[in-house]
Amino acid sequence: MHSGRAPAPAPAAPLRVFILDDHEVVRRGVRDLLEAEPDIVVAGEAATAREALARVPAVRPHVAVLDVRLGEGGSGDHAGVEVCRELRARMPELACLMLTSFDDDEALFDAIMAGAAGYVLKRIDGSDLVTAVRLVASGESLLDPRATARVMARLRTPQPEPEPAPFSAELERLSPRELEILELIGEGLTNRQIAERLFLAEKTIKNRVSSILAKLGVGRRVQAALLAGRLKEQQAPRR
């Protein structure tokens with residue numbers, strides 16, 4: 001999901017990357033691919049969640065490429081997502097790019113809510129993976145639009161019984177204008193488009209969006225968009 005703004009400046013060369021994958025062949029392949037680029041260096045790697053959590057803070061990478069599923073947790077485990085959540089809590093500036101062999105909507109949703117900057121399948125072309133690393137390092141988000149659409153569709157599926165609205169306390173902190181902006185974020189509008197819709201300066205919208213993210217306790221715009229989608233669907237029956 002692109003914000004419509006110019007991307008943040010990429011970190012000064014070299015761009016430091018950490019790799020977490022429980023398959024040595026995959027780690028070696030990703031390492032060789034990235035280190036073939038003159039401006040990228042692999043600062044470290046790990047085969048387990050425990051190793052990653054110990055090593056990443058020590059080497060301070062700009063980007064962590066994390067395998068979603070790790071053998072240590074069983075085939076159905078999203079251990080890599082938990083690593084993302086923990087690393088983002090310790091290092092908010094770290095961009096996590098989730099890498100997986102599976103087209104898994106549940107893992108995608110979990111990764112978004114854990115603060116991942118991107119989510120790509122291992123069948124991605126090598127050049128596209130390099131581009132993805134650079135993109136998330138620049139501060140952008142990279143999520144497959146088709147996969148994101150499936151997650152949103154799942155959230156819109158009616159539940160057998162109504163559930164209490166999540167994040168109600170956080171939403172109560174938002175002003176009417178912020179709720180309006182949140183709804184437009186949920187529609188996929190960029191800051192510039194929201195500014196044009198509401199006849200406000202783009203800088204004003206940028207500041208408002210930062211305030212909304214802080215009040216909701218989320219770190220990325222795409223997380224707010226998912227929450228906006230949930231809110232809209234929960235309110236729909238009452239309208």
# chains A, B, ... in the order shown; residues from 1 in each chain; ligands from 1
>>> residues_around(residues="Pro61 (chain A)", least_positions_apart="2", cutoff="9 Å", atoms="only C-alpha atoms", output="PyMOL selection string")
chain A and resi 15-18+42-44+56-59+63-64+94-95
>>> residues_around(residues="Leu182 (chain A)", least_positions_apart="6", cutoff="9 Å", atoms="only C-alpha atoms", output="list in words")
Val209, Ile212, Ala224, Ala225, Leu227 and Ala228 of chain A
>>> write_last_selection(atoms="C-alpha atoms", output="PDB file, in the first residue's frame")
ATOM      1  CA  VAL A 209      -2.876  10.279  10.493  1.00  0.00           C
ATOM      2  CA  ILE A 212      -4.714   8.402  14.702  1.00  0.00           C
ATOM      3  CA  ALA A 224      -5.386   1.279  10.691  1.00  0.00           C
ATOM      4  CA  ALA A 225      -7.005   0.442   7.339  1.00  0.00           C
ATOM      5  CA  LEU A 227      -9.320  -1.679  11.784  1.00  0.00           C
ATOM      6  CA  ALA A 228     -11.343   0.828   9.755  1.00  0.00           C
TER       7      ALA A 228
END
>>> residues_around(residues="Ala114 (chain A)", least_positions_apart="5", cutoff="8 Å", atoms="only C-alpha atoms", output="PDB file with N, CA, C and O atoms, in the first residue's frame")
ATOM      1  N   VAL A  81       6.133 -14.500  12.501  1.00  0.00           N
ATOM      2  CA  VAL A  81       5.289 -13.339  12.778  1.00  0.00           C
ATOM      3  C   VAL A  81       5.504 -12.871  14.208  1.00  0.00           C
ATOM      4  O   VAL A  81       5.552 -11.665  14.488  1.00  0.00           O
ATOM      5  N   GLU A  82       5.641 -13.814  15.129  1.00  0.00           N
ATOM      6  CA  GLU A  82       5.898 -13.444  16.525  1.00  0.00           C
ATOM      7  C   GLU A  82       7.262 -12.783  16.674  1.00  0.00           C
ATOM      8  O   GLU A  82       7.439 -11.872  17.488  1.00  0.00           O
ATOM      9  N   CYS A  84       8.608 -10.949  14.347  1.00  0.00           N
ATOM     10  CA  CYS A  84       8.342  -9.600  13.842  1.00  0.00           C
ATOM     11  C   CYS A  84       7.729  -8.732  14.930  1.00  0.00           C
ATOM     12  O   CYS A  84       8.178  -7.594  15.155  1.00  0.00           O
ATOM     13  N   ARG A  85       6.729  -9.254  15.623  1.00  0.00           N
ATOM     14  CA  ARG A  85       6.046  -8.489  16.668  1.00  0.00           C
ATOM     15  C   ARG A  85       7.023  -8.079  17.773  1.00  0.00           C
ATOM     16  O   ARG A  85       7.039  -6.924  18.219  1.00  0.00           O
ATOM     17  N   ARG A  88       9.721  -5.523  16.424  1.00  0.00           N
ATOM     18  CA  ARG A  88       9.140  -4.198  16.213  1.00  0.00           C
ATOM     19  C   ARG A  88       8.900  -3.488  17.546  1.00  0.00           C
ATOM     20  O   ARG A  88       8.999  -2.265  17.630  1.00  0.00           O
TER      21      ARG A  88
END
>>> select_by_dssp(residues="region 7-85 of chain A", states="strand (DSSP E or B)", output="list in words")
Leu15, Arg16, Val17, Phe18, Ile19, Leu20, Ile40, Val41, Val42, Ala43, Gly44, Glu45, Ala46, Val63, Ala64, Val65, Leu66 and Asp67 of chain A
>>> atom_distance(atom1="CA of Arg69 (chain A)", atom2="CA of Thr100 (chain A)")
7.1 Å
>>> closest_residue(among="A:Val83, A:Val133, A:Leu53, A:Ile181", to="Gly115 (chain A)", atoms="only C-alpha atoms")
A:Val83
>>> atom_distance(atom1="CA of Met113 (chain A)", atom2="CA of Arg221 (chain A)")
10.5 Å
>>> residues_around(residues="Leu142 (chain A)", least_positions_apart="4", cutoff="10 Å", atoms="only C-alpha atoms", output="list in words")
Met1, His2, Leu97, Met98, Ala116, Ala117, Gly118, Tyr119, Val120, Ala132, Val133, Leu135, Val136 and Val222 of chain A
